[in-house]
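Engineer: Can you read through this structure? Questions will come right after.
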Amino acid sequence: MEQIINDYILEVEENLSSLPLGDRNDVLEFYREFLLDGDFHNRAAIEKELGTPQQLARKIVADYVINDQPETEATDRAEDTASSSQSLHTIWRIFVGICAIPTGIIIGITLTAIFLGLFCAFLGILVGFIGLALGLLVGGVVGIVIGLNLLVASSWAPGFFYLGAGLIVLSICLFIVPAIIQTLRFLAAKCAQFARFLGRKIFKKRYYQTKTDKEAK
Amino acid sequence: MAIQIPTRLLDGAVLSFLKDEDLYGYALTQKVQGTFDISESTIYPVLRRLKKNGYLTTYDQPYQGRNRRYYQLTETGLTLLAAVQKEWLNFSTKVNQILGEKNGTNN
């Protein structure tokens with residue numbers, strides 16, 4: 001009997017690698033104790049109560065991602081400095097967590113669409129910005145090269161014009177890159193905040209699902 | 001029942017169950033489920049949040065060769081419980097005035 005519980009807990013643990021060790025052990029101990037005290041004899045009974053290990057793990061992770069993040073303004077600012085990839089990672093985990101909660105098909109599709117939309121929008125903006133930066137870089141370098149060639153050919157006025165224009169475009173490029181990175185970071189953080197907000201809304205409705213709800217499924 | 005228990009009241013209920021005695025996870029879950037229709041995986045997040053905010057502490061006690069983690073109310077937890085009780089009393093009085101027996105049966 002204990003072996004069945006251990007196996008179940010072990011499988012949950014395998015899906016909790018994103019949690020800090022202390023938190024992971026706490027939550028695993030809670031459920032191990034719960035199953036032992038509740039005298040759960042077989043796998044089917046356990047899964048009926050808590051869901052599959054993966055489902056339980058996703059709920060746990062989503063609870064951490066959604067509720068352990070900054071809520072006050074002061075910590076919001078800290079979040080804005082989080083890297084874009086961290087924010088995207090957060091969004092992903094919230095999404096996976098929400099997927100573990102039984103929702104209707106319509107809600108599921110809508111959510112998937114929203115998250116996909118967010119992701120595509122972010123990717124689109126990213127590609128657009130990279131294009132802009134590359135365009136400026138190439139334009140600047142080409143301007144300088146043309147200018148230098150003209151200077152070598154002793155066409156002073158157009159030569160200096162191209163050289164100057166090239167330098168200006170290049171410096172704009174240098175100014176704009178950090179701004180782009182900041183903007184992307186900001187956007188990603190805002191998207192993560194939105195995902196979290198969405199997650200909280202859905203959790204309030206679905207996470208606190210009732211026992212009878214679950215049995216009706 | 002179409003009315004879902006708000007988080008605030010669930011917090012209050014958990015604190016209230018712990019007011020008289022310290023309880024371990026399973027026993028506490030049983031008590032909460034005895035009154036409210038909520039799933040097992042709801043309890044842990046509630047306990048975690050209450051503990052994180054200092055309303056609860058935990059201690060382990062050996063039981064049949066393993067540990068049971070007991071949840072214990074703190075001073076701030078007691079204060080929160082009193083606050084939730086007051087809020088609920090206030091709120092339920094108002095709801096009773098509108099939806100309570102007197103209005104519900106006089107037609």
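In the structure tokens, chains take letters A, B, ... by order of appearance, with residues numbered from 1 within each chain and ligands from 1 in the order shown.
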If we count only C-alpha atoms, what is near range 45-47 of chain B at a cut-off of 8 Å, once residues fewer than 5 positions away on the same chain are taken out, given as a list of chain:residue names?
Structural biologist: A:Ile60, A:Asp63, B:Leu10, B:Asp11, B:Leu56
Engineer: Could the residues of chain B that have an atom at most 6 Å from chain A be listed as JSON lines, each with its closest atom pair and the distance in Å to one decimal, counting only C-alpha atoms and ordered by chain and ascending residue number?
Structural biologist:
```
{"residue": "B:Tyr26", "atom": "CA", "partner": "A:Phe34", "partner_atom": "CA", "distance": 5.0}
{"residue": "B:Asp37", "atom": "CA", "partner": "A:Thr210", "partner_atom": "CA", "distance": 5.1}
{"residue": "B:Ile38", "atom": "CA", "partner": "A:Thr210", "partner_atom": "CA", "distance": 4.0}
{"residue": "B:Ser39", "atom": "CA", "partner": "A:Lys211", "partner_atom": "CA", "distance": 4.8}
{"residue": "B:Thr42", "atom": "CA", "partner": "A:Tyr208", "partner_atom": "CA", "distance": 5.8}
```
Engineer: When you draw a straight line from CA of Ile46 in chain A to CA of Leu28 in chain B, how long is it in Å?
Structural biologist: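 If I compute the distance from CA of Ile46 in chain A to CA of Leu28 in chain B, I get 18.2 Å.
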Engineer: Rounded to one decimal in Å, what is the spacing between CA of Gln72 in chain B and CA of Asp60 in chain B?
Structural biologist: 10.8 Å
Engineer: Work out how far CA of Asn15 in chain A is from CA of Leu198 in chain A, in Å to one decimal.
Structural biologist: 23.0 Å
